[in-house]
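Colleague: My structure is in coords07.cif, and what it holds is mmCIF, C-alpha atoms, pLDDT in the B column; chains and numbers go by the auth columns:
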```
data_run
#
loop_
_atom_site.group_PDB
_atom_site.id
_atom_site.type_symbol
_atom_site.label_atom_id
_atom_site.label_comp_id
_atom_site.label_asym_id
_atom_site.label_seq_id
_atom_site.Cartn_x
_atom_site.Cartn_y
_atom_site.Cartn_z
_atom_site.B_iso_or_equiv
_atom_site.auth_seq_id
_atom_site.auth_asym_id
ATOM 1 C CA MET A 1 -17.349 9.296 -8.645 35.00 1 O
ATOM 2 C CA LEU A 2 -16.920 5.578 -9.206 31.00 2 O
ATOM 3 C CA ASP A 3 -17.396 3.774 -12.489 31.00 3 O
ATOM 4 C CA PHE A 4 -16.878 0.044 -12.152 28.00 4 O
ATOM 5 C CA ALA A 5 -15.414 -2.361 -14.698 33.00 5 O
ATOM 6 C CA SER A 6 -17.554 -3.804 -17.427 30.00 6 O
ATOM 7 C CA SER A 7 -17.606 -7.550 -17.917 30.00 7 O
ATOM 8 C CA ASN A 8 -15.570 -7.442 -21.139 33.00 8 O
ATOM 9 C CA SER A 9 -12.536 -5.565 -19.806 35.00 9 O
ATOM 10 C CA THR A 10 -9.249 -7.385 -19.389 40.00 10 O
ATOM 11 C CA ILE A 11 -6.874 -7.374 -16.442 44.00 11 O
ATOM 12 C CA SER A 12 -3.176 -7.063 -17.129 46.00 12 O
ATOM 13 C CA THR A 13 -0.958 -9.155 -14.866 45.00 13 O
ATOM 14 C CA GLN A 14 2.232 -8.528 -16.835 57.00 14 O
ATOM 15 C CA ARG A 15 4.858 -6.134 -15.553 76.00 15 O
ATOM 16 C CA GLY A 16 8.597 -6.468 -15.213 81.00 16 O
ATOM 17 C CA TYR A 17 10.690 -5.836 -12.138 90.00 17 O
ATOM 18 C CA LEU A 18 11.234 -2.374 -10.716 93.00 18 O
ATOM 19 C CA PRO A 19 14.729 -1.575 -9.435 93.00 19 O
ATOM 20 C CA LEU A 20 15.031 -1.913 -5.660 93.00 20 O
ATOM 21 C CA GLY A 21 15.667 1.811 -5.410 94.00 21 O
ATOM 22 C CA ALA A 22 12.163 2.453 -6.737 96.00 22 O
ATOM 23 C CA TYR A 23 10.563 1.112 -3.542 97.00 23 O
ATOM 24 C CA ALA A 24 9.701 2.755 -0.234 98.00 24 O
ATOM 25 C CA ILE A 25 8.540 1.011 2.946 98.00 25 O
ATOM 26 C CA ILE A 26 5.527 1.383 5.217 97.00 26 O
ATOM 27 C CA GLY A 27 4.883 -0.603 8.385 95.00 27 O
ATOM 28 C CA ASP A 28 3.299 -0.906 11.803 92.00 28 O
ATOM 29 C CA CYS A 29 6.237 -2.410 13.760 89.00 29 O
ATOM 30 C CA ARG A 30 4.681 -5.852 13.266 90.00 30 O
ATOM 31 C CA THR A 31 5.032 -6.192 9.503 93.00 31 O
ATOM 32 C CA ALA A 32 5.800 -4.015 6.498 95.00 32 O
ATOM 33 C CA ALA A 33 5.017 -3.485 2.835 97.00 33 O
ATOM 34 C CA LEU A 34 7.057 -2.204 -0.125 98.00 34 O
ATOM 35 C CA VAL A 35 5.451 0.397 -2.371 98.00 35 O
ATOM 36 C CA GLY A 36 6.862 1.059 -5.834 97.00 36 O
ATOM 37 C CA ASP A 37 7.157 4.554 -7.279 97.00 37 O
ATOM 38 C CA ASP A 38 4.380 3.569 -9.724 97.00 38 O
ATOM 39 C CA ALA A 39 2.109 3.064 -6.655 97.00 39 O
ATOM 40 C CA SER A 40 2.146 -0.752 -6.817 97.00 40 O
ATOM 41 C CA ILE A 41 2.453 -2.576 -3.488 97.00 41 O
ATOM 42 C CA ASP A 42 4.641 -5.520 -4.490 96.00 42 O
ATOM 43 C CA TRP A 43 5.678 -7.065 -1.165 96.00 43 O
ATOM 44 C CA CYS A 44 3.842 -7.664 2.086 94.00 44 O
ATOM 45 C CA CYS A 45 3.953 -10.486 4.627 92.00 45 O
ATOM 46 C CA LEU A 46 0.844 -10.895 6.760 89.00 46 O
ATOM 47 C CA PRO A 47 0.338 -10.873 9.638 88.00 47 O
ATOM 48 C CA ASP A 48 4.012 -10.682 10.741 89.00 48 O
ATOM 49 C CA PHE A 49 7.447 -9.903 9.317 91.00 49 O
ATOM 50 C CA ASP A 50 8.305 -13.613 9.227 91.00 50 O
ATOM 51 C CA SER A 51 4.976 -14.789 7.766 89.00 51 O
ATOM 52 C CA HIS A 52 4.747 -15.969 4.188 87.00 52 O
ATOM 53 C CA PRO A 53 4.112 -13.102 1.757 90.00 53 O
ATOM 54 C CA VAL A 54 0.686 -12.526 0.269 89.00 54 O
ATOM 55 C CA LEU A 55 2.068 -9.878 -2.097 93.00 55 O
ATOM 56 C CA SER A 56 5.345 -10.898 -3.718 91.00 56 O
ATOM 57 C CA ARG A 57 5.663 -9.443 -7.217 92.00 57 O
ATOM 58 C CA ILE A 58 9.012 -7.912 -6.273 93.00 58 O
ATOM 59 C CA ILE A 59 10.556 -11.392 -6.474 90.00 59 O
ATOM 60 C CA GLY A 60 8.040 -13.166 -8.704 86.00 60 O
ATOM 61 C CA ALA A 61 6.758 -11.043 -11.584 81.00 61 O
ATOM 62 C CA PRO A 62 4.300 -11.712 -13.102 76.00 62 O
ATOM 63 C CA ARG A 63 3.196 -14.580 -10.846 81.00 63 O
ATOM 64 C CA GLY A 64 3.455 -12.804 -7.495 87.00 64 O
ATOM 65 C CA GLY A 65 0.727 -10.867 -5.766 90.00 65 O
ATOM 66 C CA TYR A 66 0.273 -7.087 -5.831 94.00 66 O
ATOM 67 C CA LEU A 67 -2.099 -4.202 -5.207 96.00 67 O
ATOM 68 C CA ALA A 68 -1.693 -1.738 -8.053 96.00 68 O
ATOM 69 C CA LEU A 69 -3.149 1.132 -10.029 96.00 69 O
ATOM 70 C CA THR A 70 -3.204 0.769 -13.807 94.00 70 O
ATOM 71 C CA GLU A 71 -4.558 2.437 -16.911 94.00 71 O
ATOM 72 C CA PRO A 72 -8.127 1.106 -17.176 91.00 72 O
ATOM 73 C CA GLU A 73 -7.994 -0.368 -20.682 87.00 73 O
ATOM 74 C CA SER A 74 -4.344 -1.215 -21.331 90.00 74 O
ATOM 75 C CA GLY A 75 -3.378 -2.365 -17.825 89.00 75 O
ATOM 76 C CA VAL A 76 -0.173 -0.300 -18.077 93.00 76 O
ATOM 77 C CA SER A 77 1.266 1.132 -14.859 95.00 77 O
ATOM 78 C CA PRO A 78 1.103 4.913 -14.409 96.00 78 O
ATOM 79 C CA THR A 79 4.211 7.061 -14.743 96.00 79 O
ATOM 80 C CA ALA A 80 6.051 7.752 -11.492 97.00 80 O
ATOM 81 C CA ILE A 81 6.423 11.424 -10.533 97.00 81 O
ATOM 82 C CA ARG A 82 7.647 11.471 -6.928 97.00 82 O
ATOM 83 C CA GLN A 83 7.526 9.650 -3.597 98.00 83 O
ATOM 84 C CA ALA A 84 7.906 11.182 -0.149 97.00 84 O
ATOM 85 C CA TYR A 85 7.028 10.541 3.481 98.00 85 O
ATOM 86 C CA LEU A 86 4.935 12.984 5.428 97.00 86 O
ATOM 87 C CA PRO A 87 7.451 14.749 7.714 96.00 87 O
ATOM 88 C CA ASP A 88 8.521 12.676 10.737 95.00 88 O
ATOM 89 C CA THR A 89 6.213 9.764 9.842 96.00 89 O
ATOM 90 C CA ALA A 90 6.137 6.465 7.972 95.00 90 O
ATOM 91 C CA ILE A 91 3.082 7.651 6.011 97.00 91 O
ATOM 92 C CA LEU A 92 4.042 7.470 2.352 98.00 92 O
ATOM 93 C CA THR A 93 2.759 9.610 -0.522 98.00 93 O
ATOM 94 C CA THR A 94 3.233 8.580 -4.149 98.00 94 O
ATOM 95 C CA GLU A 95 2.342 10.879 -7.026 98.00 95 O
ATOM 96 C CA VAL A 96 1.711 9.295 -10.435 98.00 96 O
ATOM 97 C CA GLN A 97 0.679 10.472 -13.874 98.00 97 O
ATOM 98 C CA LEU A 98 -2.111 8.771 -15.810 98.00 98 O
ATOM 99 C CA ALA A 99 -3.101 9.386 -19.395 97.00 99 O
ATOM 100 C CA THR A 100 -6.107 11.331 -18.080 97.00 100 O
ATOM 101 C CA GLY A 101 -4.722 13.095 -15.023 97.00 101 O
ATOM 102 C CA ARG A 102 -2.594 13.047 -11.907 98.00 102 O
ATOM 103 C CA LEU A 103 -3.167 11.056 -8.683 98.00 103 O
ATOM 104 C CA LEU A 104 -1.769 11.267 -5.171 98.00 104 O
ATOM 105 C CA VAL A 105 -1.683 7.908 -3.371 98.00 105 O
ATOM 106 C CA THR A 106 -1.246 7.911 0.422 97.00 106 O
ATOM 107 C CA ASP A 107 -0.343 4.579 2.054 97.00 107 O
ATOM 108 C CA PHE A 108 0.015 3.763 5.739 96.00 108 O
ATOM 109 C CA MET A 109 -0.437 0.944 8.226 94.00 109 O
ATOM 110 C CA PRO A 110 -2.475 1.949 11.305 90.00 110 O
ATOM 111 C CA MET A 111 -0.545 1.406 14.505 83.00 111 O
ATOM 112 C CA HIS A 112 -3.589 0.224 16.420 62.00 112 O
ATOM 113 C CA GLY A 113 -5.353 -1.684 13.654 47.00 113 O
ATOM 114 C CA LEU A 114 -8.904 -2.931 13.917 41.00 114 O
ATOM 115 C CA LEU A 115 -10.710 -3.988 17.045 41.00 115 O
ATOM 116 C CA PRO A 116 -9.687 -7.593 17.739 43.00 116 O
ATOM 117 C CA LEU A 117 -12.020 -9.958 15.927 41.00 117 O
ATOM 118 C CA ASN A 118 -10.439 -13.240 16.911 39.00 118 O
ATOM 119 C CA GLY A 119 -9.446 -12.701 20.523 40.00 119 O
ATOM 120 C CA HIS A 120 -5.715 -12.579 19.725 43.00 120 O
ATOM 121 C CA GLY A 121 -5.219 -8.838 19.313 49.00 121 O
ATOM 122 C CA ASP A 122 -5.360 -6.494 16.369 65.00 122 O
ATOM 123 C CA ASP A 123 -4.457 -7.727 12.911 78.00 123 O
ATOM 124 C CA PRO A 124 -2.494 -5.493 10.547 86.00 124 O
ATOM 125 C CA CYS A 125 -3.902 -3.680 7.555 89.00 125 O
ATOM 126 C CA ILE A 126 -2.844 -1.237 4.846 93.00 126 O
ATOM 127 C CA VAL A 127 -4.913 1.867 4.193 92.00 127 O
ATOM 128 C CA ARG A 128 -4.590 3.389 0.712 95.00 128 O
ATOM 129 C CA GLN A 129 -6.157 6.770 -0.037 94.00 129 O
ATOM 130 C CA ILE A 130 -6.246 7.714 -3.734 96.00 130 O
ATOM 131 C CA THR A 131 -6.890 11.399 -4.440 96.00 131 O
ATOM 132 C CA ALA A 132 -7.257 13.086 -7.828 97.00 132 O
ATOM 133 C CA LEU A 133 -5.013 16.133 -8.184 98.00 133 O
ATOM 134 C CA GLU A 134 -5.522 17.088 -11.805 97.00 134 O
ATOM 135 C CA GLY A 135 -7.803 16.048 -14.655 97.00 135 O
ATOM 136 C CA GLU A 136 -10.639 13.545 -14.723 97.00 136 O
ATOM 137 C CA CYS A 137 -8.609 10.530 -13.631 96.00 137 O
ATOM 138 C CA HIS A 138 -9.630 7.193 -15.107 94.00 138 O
ATOM 139 C CA PHE A 139 -7.835 4.257 -13.510 94.00 139 O
ATOM 140 C CA ALA A 140 -8.236 0.661 -12.363 91.00 140 O
ATOM 141 C CA VAL A 141 -7.484 -0.907 -8.994 92.00 141 O
ATOM 142 C CA THR A 142 -5.966 -4.338 -9.624 92.00 142 O
ATOM 143 C CA PHE A 143 -5.371 -6.899 -6.902 92.00 143 O
ATOM 144 C CA LYS A 144 -3.827 -10.348 -6.912 90.00 144 O
ATOM 145 C CA VAL A 145 -3.057 -12.596 -3.946 89.00 145 O
ATOM 146 C CA ALA A 146 -0.355 -15.238 -4.210 84.00 146 O
ATOM 147 C CA PRO A 147 -0.044 -16.932 -0.788 80.00 147 O
ATOM 148 C CA ASP A 148 3.049 -18.933 0.158 76.00 148 O
ATOM 149 C CA TYR A 149 5.190 -17.518 -2.671 76.00 149 O
ATOM 150 C CA GLY A 150 2.528 -18.397 -5.212 74.00 150 O
ATOM 151 C CA ARG A 151 2.393 -22.075 -4.287 76.00 151 O
ATOM 152 C CA THR A 152 -1.181 -21.808 -3.002 77.00 152 O
ATOM 153 C CA GLN A 153 -4.097 -20.771 -5.199 81.00 153 O
ATOM 154 C CA PRO A 154 -6.508 -18.597 -3.204 84.00 154 O
ATOM 155 C CA ARG A 155 -10.254 -18.736 -3.642 85.00 155 O
ATOM 156 C CA MET A 156 -11.532 -15.212 -4.270 86.00 156 O
ATOM 157 C CA THR A 157 -15.093 -14.017 -3.771 84.00 157 O
ATOM 158 C CA VAL A 158 -16.501 -10.547 -4.501 85.00 158 O
ATOM 159 C CA ASN A 159 -19.550 -8.641 -3.341 75.00 159 O
ATOM 160 C CA ASP A 160 -20.395 -4.980 -2.859 71.00 160 O
ATOM 161 C CA GLU A 161 -18.305 -4.852 0.326 72.00 161 O
ATOM 162 C CA GLY A 162 -15.062 -5.902 -1.359 79.00 162 O
ATOM 163 C CA VAL A 163 -12.967 -9.001 -2.033 85.00 163 O
ATOM 164 C CA ILE A 164 -12.045 -11.991 0.128 85.00 164 O
ATOM 165 C CA ALA A 165 -9.132 -14.217 -0.854 87.00 165 O
ATOM 166 C CA ALA A 166 -9.002 -17.402 1.224 83.00 166 O
ATOM 167 C CA GLY A 167 -5.945 -19.628 1.034 76.00 167 O
ATOM 168 C CA GLY A 168 -2.617 -20.278 2.664 70.00 168 O
ATOM 169 C CA SER A 169 -2.343 -19.365 6.346 73.00 169 O
ATOM 170 C CA GLY A 170 -5.287 -16.970 6.463 80.00 170 O
ATOM 171 C CA VAL A 171 -7.742 -14.727 4.653 83.00 171 O
ATOM 172 C CA VAL A 172 -6.758 -11.554 2.788 86.00 172 O
ATOM 173 C CA VAL A 173 -9.438 -8.900 2.399 86.00 173 O
ATOM 174 C CA LEU A 174 -9.617 -5.868 0.116 87.00 174 O
ATOM 175 C CA SER A 175 -12.424 -3.480 0.993 85.00 175 O
ATOM 176 C CA TYR A 176 -13.637 -0.155 -0.358 83.00 176 O
ATOM 177 C CA ALA A 177 -13.827 1.981 2.768 78.00 177 O
ATOM 178 C CA ASP A 178 -15.717 4.858 1.136 76.00 178 O
ATOM 179 C CA GLY A 179 -17.289 3.143 -1.858 69.00 179 O
ATOM 180 C CA ASN A 180 -18.215 -0.345 -2.971 66.00 180 O
ATOM 181 C CA ALA A 181 -17.110 -3.074 -5.349 64.00 181 O
ATOM 182 C CA GLU A 182 -20.367 -3.392 -7.254 61.00 182 O
ATOM 183 C CA GLY A 183 -19.653 -4.415 -10.838 62.00 183 O
ATOM 184 C CA ALA A 184 -16.052 -5.404 -10.125 79.00 184 O
ATOM 185 C CA GLN A 185 -14.695 -8.523 -11.789 82.00 185 O
ATOM 186 C CA LEU A 186 -12.333 -11.454 -11.427 84.00 186 O
ATOM 187 C CA GLU A 187 -10.327 -12.549 -14.444 82.00 187 O
ATOM 188 C CA ASN A 188 -10.631 -16.083 -13.143 81.00 188 O
ATOM 189 C CA PRO A 189 -13.915 -16.709 -11.252 71.00 189 O
ATOM 190 C CA PHE A 190 -12.047 -18.100 -8.259 72.00 190 O
ATOM 191 C CA THR A 191 -8.373 -17.121 -8.276 76.00 191 O
ATOM 192 C CA GLY A 192 -8.466 -13.638 -9.804 79.00 192 O
ATOM 193 C CA PRO A 193 -6.822 -11.265 -10.296 87.00 193 O
ATOM 194 C CA PHE A 194 -9.456 -8.739 -9.296 89.00 194 O
ATOM 195 C CA SER A 195 -10.046 -5.388 -10.996 89.00 195 O
ATOM 196 C CA SER A 196 -12.418 -2.440 -10.778 88.00 196 O
ATOM 197 C CA LYS A 197 -12.481 0.786 -12.773 89.00 197 O
ATOM 198 C CA HIS A 198 -12.871 4.224 -11.237 91.00 198 O
ATOM 199 C CA VAL A 199 -13.142 7.882 -12.183 92.00 199 O
ATOM 200 C CA LEU A 200 -12.076 10.666 -9.804 94.00 200 O
ATOM 201 C CA ARG A 201 -12.224 14.389 -10.400 96.00 201 O
ATOM 202 C CA PRO A 202 -9.875 16.847 -8.641 97.00 202 O
ATOM 203 C CA GLY A 203 -10.364 16.667 -4.892 96.00 203 O
ATOM 204 C CA GLU A 204 -12.309 13.396 -4.954 94.00 204 O
ATOM 205 C CA ARG A 205 -10.922 10.403 -3.089 92.00 205 O
ATOM 206 C CA LEU A 206 -11.199 6.634 -3.034 91.00 206 O
ATOM 207 C CA THR A 207 -10.007 4.689 0.015 91.00 207 O
ATOM 208 C CA VAL A 208 -9.215 0.975 -0.133 91.00 208 O
ATOM 209 C CA VAL A 209 -8.038 -1.175 2.759 90.00 209 O
ATOM 210 C CA LEU A 210 -6.034 -4.400 2.567 92.00 210 O
ATOM 211 C CA GLY A 211 -6.219 -6.579 5.659 88.00 211 O
ATOM 212 C CA TRP A 212 -5.739 -10.088 6.989 87.00 212 O
ATOM 213 C CA ALA A 213 -7.587 -12.492 9.283 82.00 213 O
ATOM 214 C CA GLN A 214 -6.564 -15.925 10.484 78.00 214 O
ATOM 215 C CA HIS A 215 -9.841 -17.740 9.935 74.00 215 O
ATOM 216 C CA PRO A 216 -12.030 -17.729 6.790 69.00 216 O
ATOM 217 C CA HIS A 217 -15.225 -17.196 8.782 69.00 217 O
ATOM 218 C CA LEU A 218 -13.873 -13.799 9.880 72.00 218 O
ATOM 219 C CA GLY A 219 -13.482 -12.570 6.301 70.00 219 O
ATOM 220 C CA SER A 220 -16.938 -11.055 5.907 70.00 220 O
ATOM 221 C CA ARG A 221 -16.829 -9.451 9.359 69.00 221 O
ATOM 222 C CA LEU A 222 -13.422 -7.998 8.605 70.00 222 O
ATOM 223 C CA ARG A 223 -14.569 -6.665 5.250 68.00 223 O
ATOM 224 C CA ARG A 224 -17.528 -4.922 6.865 66.00 224 O
ATOM 225 C CA ALA A 225 -15.321 -3.531 9.624 65.00 225 O
ATOM 226 C CA PHE A 226 -13.236 -1.708 7.023 65.00 226 O
ATOM 227 C CA ARG A 227 -16.228 0.318 5.863 62.00 227 O
ATOM 228 C CA ARG A 228 -15.666 3.285 8.126 61.00 228 O
ATOM 229 C CA ASP A 229 -14.199 6.780 8.129 60.00 229 O
ATOM 230 C CA TRP A 230 -10.418 6.421 8.163 68.00 230 O
ATOM 231 C CA HIS A 231 -9.618 10.004 9.196 73.00 231 O
ATOM 232 C CA ALA A 232 -9.172 8.911 12.815 75.00 232 O
ATOM 233 C CA ASN A 233 -6.802 6.101 11.821 81.00 233 O
ATOM 234 C CA PHE A 234 -4.743 8.488 9.725 88.00 234 O
ATOM 235 C CA ASP A 235 -4.483 11.059 12.511 89.00 235 O
ATOM 236 C CA ALA A 236 -3.615 8.448 15.156 87.00 236 O
ATOM 237 C CA THR A 237 -0.905 6.947 12.926 91.00 237 O
ATOM 238 C CA ARG A 238 0.580 10.350 12.126 93.00 238 O
ATOM 239 C CA HIS A 239 0.651 11.318 15.808 92.00 239 O
ATOM 240 C CA PHE A 240 2.295 8.000 16.746 90.00 240 O
ATOM 241 C CA TRP A 241 5.180 8.515 14.318 93.00 241 O
ATOM 242 C CA GLU A 242 5.596 12.204 15.160 94.00 242 O
ATOM 243 C CA ASP A 243 5.845 11.307 18.839 93.00 243 O
ATOM 244 C CA TRP A 244 8.227 8.422 18.095 90.00 244 O
ATOM 245 C CA THR A 245 10.595 10.589 16.045 91.00 245 O
ATOM 246 C CA ALA A 246 10.458 13.386 18.606 92.00 246 O
ATOM 247 C CA HIS A 247 12.066 11.015 21.145 89.00 247 O
ATOM 248 C CA GLY A 248 14.766 9.862 18.745 80.00 248 O
ATOM 249 C CA THR A 249 18.332 11.109 18.538 76.00 249 O
#
```
Output the file's structure as structure tokens, nothing else.
Modeller:
Amino acid sequence: MLDFASSNSTISTQRGYLPLGAYAIIGDCRTAALVGDDASIDWCCLPDFDSHPVLSRIIGAPRGGYLALTEPESGVSPTAIRQAYLPDTAILTTEVQLATGRLLVTDFMPMHGLLPLNGHGDDPCIVRQITALEGECHFAVTFKVAPDYGRTQPRMTVNDEGVIAAGGSGVVVLSYADGNAEGAQLENPFTGPFSSKHVLRPGERLTVVLGWAQHPHLGSRLRRAFRRDWHANFDATRHFWEDWTAHGT
């Protein structure tokens, strides 16, 4: 069940720094992202390790970019419970407590990515699956892009397929893979941050995908490409890491 933000809600962009020990890493051998134990992704360079970050709150709170879960009205981060990797993989699970219930957040970067849209191979993306474990979970997905260490202001546009943030060296896309962004809002009409409110009951799931494309004209195509069943991506990524660790010493 999805219940999107009303026009009068506010988006909190204020949060201090988490200790470095509160972060875990996911990656696809091309780039990586840092995920806090409160389920906020606070660092990610796209498309490569040495690219400028698009998410950088770990070094620039509150100015830096992030993809986070918050309490829907107050904007407060949920309480961390535990983080763990699925055995022999780089697929990360983060369990958090909300005022209304408990969520399990599963984050991974597919090893094969999307079909190439620009003729230069697959571009990286982050898949985030949010599953309600207990209670009727009310939460918000909040998203801010701060290209080039916050020196570039992106231009954000929203429709029922998701969000496109154009600026810096490429286009960052946030898409709802098994829902839509109808009724979502931007705090600033152009630069964000973006927020949408959701309600999940035990066993229900929301999947969001964060991706990157080099050219602005690919943004809409990329956003539509994310709207698919991600079970196959999850299984392929899990099998890749299980095979990789099986050959390790």
Colleague: One number please: CA of Ala166 in chain O to CA of Leu218 in chain O, in Å, one decimal.
Modeller: 10.6 Å
Colleague: So which residues get picked by the PyMOL selection byres ((chain O and resi 80) around 7) here, written as a short mmCIF file (atom, residue, chain, number, x, y, z; two decimals) with C-alpha atoms, in the frame of the given file?
Modeller:
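The new file result-v2.cif reads:
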```cif
data_model
loop_
_atom_site.label_atom_id
_atom_site.label_comp_id
_atom_site.auth_asym_id
_atom_site.auth_seq_id
_atom_site.Cartn_x
_atom_site.Cartn_y
_atom_site.Cartn_z
CA ASP O 37 7.16 4.55 -7.28
CA ASP O 38 4.38 3.57 -9.72
CA PRO O 78 1.10 4.91 -14.41
CA THR O 79 4.21 7.06 -14.74
CA ILE O 81 6.42 11.42 -10.53
CA ARG O 82 7.65 11.47 -6.93
CA GLU O 95 2.34 10.88 -7.03
CA VAL O 96 1.71 9.30 -10.44
CA GLN O 97 0.68 10.47 -13.87
#
```
Colleague: Check the smallest atom-to-atom distance from each of O:Trp212, O:Phe49, O:Trp241, O:Phe143 to Tyr85 in chain O using only C-alpha atoms, then report the winner.
Modeller: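 Ranking O:Trp212, O:Phe49, O:Trp241, O:Phe143 by distance to Tyr85 in chain O, first place goes to O:Trp241.
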Colleague: Just give me the gap between CA of Phe139 in chain O and CA of Ala232 in chain O in Å, one decimal is fine.
Modeller: 26.8 Å
Colleague: For Pro62 in chain O, which residue among O:Val172, O:Ile130, O:Ala146, O:Cys45 is the nearest when counting all atoms listed in the file?
Modeller: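 Checking each of O:Val172, O:Ile130, O:Ala146, O:Cys45 against Pro62 in chain O, counting all atoms listed in the file, the winner is O:Ala146.
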Colleague: Put a box with edges along x, y and z around all the listed atoms of range 98-109 of chain O, pad it by 4 Å on each side, then give me its centre and sizes in Å, one decimal, as JSON.
Modeller:
```
{"center_x": -3.0, "center_y": 7.0, "center_z": -5.6, "size_x": 14.1, "size_y": 20.2, "size_z": 35.6}
```
Colleague: For the provided coordinates, the residues matched by the PyMOL selection byres ((chain O and resi 99) around 9) should be stated as an MDAnalysis selection string.
Modeller: chainID O and resid 71 78:79 97:98 100:102 137:138
Colleague: Anything within 7 Å of (-12.4, -1.5, -12.6): list those residues as a short mmCIF file (atom, residue, chain, number, x, y, z; two decimals) with C-alpha atoms, in the frame of the given file, counting only C-alpha atoms and sticking to the file's coordinates.
Modeller:
```cif
data_model
loop_
_atom_site.label_atom_id
_atom_site.label_comp_id
_atom_site.auth_asym_id
_atom_site.auth_seq_id
_atom_site.Cartn_x
_atom_site.Cartn_y
_atom_site.Cartn_z
CA PHE O 4 -16.88 0.04 -12.15
CA ALA O 5 -15.41 -2.36 -14.70
CA PRO O 72 -8.13 1.11 -17.18
CA ALA O 140 -8.24 0.66 -12.36
CA VAL O 141 -7.48 -0.91 -8.99
CA ALA O 184 -16.05 -5.40 -10.12
CA SER O 195 -10.05 -5.39 -11.00
CA SER O 196 -12.42 -2.44 -10.78
CA LYS O 197 -12.48 0.79 -12.77
CA HIS O 198 -12.87 4.22 -11.24
#
```
Colleague: What residues come out when you apply the PyMOL selection byres ((chain O and resi 109) around 7) to this file, written as a short mmCIF file (atom, residue, chain, number, x, y, z; two decimals) with C-alpha atoms, in the coordinates of the input?
Modeller:
```
data_model
loop_
_atom_site.label_atom_id
_atom_site.label_comp_id
_atom_site.auth_asym_id
_atom_site.auth_seq_id
_atom_site.Cartn_x
_atom_site.Cartn_y
_atom_site.Cartn_z
CA ILE O 26 5.53 1.38 5.22
CA GLY O 27 4.88 -0.60 8.38
CA ASP O 28 3.30 -0.91 11.80
CA PHE O 108 0.02 3.76 5.74
CA PRO O 110 -2.48 1.95 11.30
CA MET O 111 -0.55 1.41 14.50
CA CYS O 125 -3.90 -3.68 7.56
CA ILE O 126 -2.84 -1.24 4.85
CA VAL O 127 -4.91 1.87 4.19
#
```
Colleague: Quick one: of O:Leu200, O:Val54, O:Leu210, O:Leu133, who's nearest to Thr152 in chain O, counting only C-alpha atoms?
Modeller: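 Of O:Leu200, O:Val54, O:Leu210, O:Leu133, the one nearest Thr152 in chain O is O:Val54, counting only C-alpha atoms.
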Colleague: Could you check which of O:Gly162, O:Gly135, O:Gly167, O:Gly248 is closest to Gly203 in chain O, using all atoms listed in the file?
Modeller: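 Of O:Gly162, O:Gly135, O:Gly167, O:Gly248, the one nearest Gly203 in chain O, counting all atoms listed in the file, is O:Gly135.
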Colleague: Would you work out the distance separating CA of Leu186 in chain O from CA of Gln214 in chain O, expressed in Å to one decimal?
Modeller: 23.1 Å
Colleague: Skipping near chain neighbours, those fewer than 5 positions away, what residues fall within 12 Å of Ala22 in chain O using only C-alpha atoms, listed as a PyMOL selection string?
Modeller: chain O and resi 17+34-42+58+80-84+94
Colleague: Considering only C-alpha atoms, can you say which of O:Gly16, O:Pro202, O:Gly75, O:Pro47 comes closest to Thr131 in chain O?
Modeller: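 Of all the options, O:Pro202 lies closest to Thr131 in chain O.
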Colleague: Go through O:Thr249, O:Arg57, O:Pro147, O:Cys44 and flag the residue nearest Leu18 in chain O, using all atoms listed in the file for the distances.
Modeller: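 Using all atoms listed in the file, the shortest distance to Leu18 in chain O belongs to O:Arg57.
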Colleague: Could you pull the residues within 10 Å of Phe240 in chain O, counting only C-alpha atoms, minus those fewer than 3 positions along the same chain, as a list of chain:residue names?
Modeller: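 Surrounding residues, per the criterion: O:Asp88, O:Thr89, O:Ala90, O:Pro110, O:Met111, O:His112, O:Phe234, O:Asp235, O:Ala236, O:Thr237, O:Asp243, O:Trp244, O:Thr245, O:Ala246.
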Colleague: May I have the protein, DNA and RNA residues with an atom at most 7 Å from (-10.3, -14.9, 1.7), counting all atoms listed in the file in the file's coordinates, returned as a ChimeraX atom specification?
Modeller: /O:155-156,164-167,171-173,216,219
Colleague: Generate the output file for the selected residues, C-alpha atoms, as a short mmCIF file (atom, residue, chain, number, x, y, z; two decimals), in the coordinates of the input.
Modeller:
```
data_model
loop_
_atom_site.label_atom_id
_atom_site.label_comp_id
_atom_site.auth_asym_id
_atom_site.auth_seq_id
_atom_site.Cartn_x
_atom_site.Cartn_y
_atom_site.Cartn_z
CA ARG O 155 -10.25 -18.74 -3.64
CA MET O 156 -11.53 -15.21 -4.27
CA ILE O 164 -12.04 -11.99 0.13
CA ALA O 165 -9.13 -14.22 -0.85
CA ALA O 166 -9.00 -17.40 1.22
CA GLY O 167 -5.94 -19.63 1.03
CA VAL O 171 -7.74 -14.73 4.65
CA VAL O 172 -6.76 -11.55 2.79
CA VAL O 173 -9.44 -8.90 2.40
CA PRO O 216 -12.03 -17.73 6.79
CA GLY O 219 -13.48 -12.57 6.30
#
```
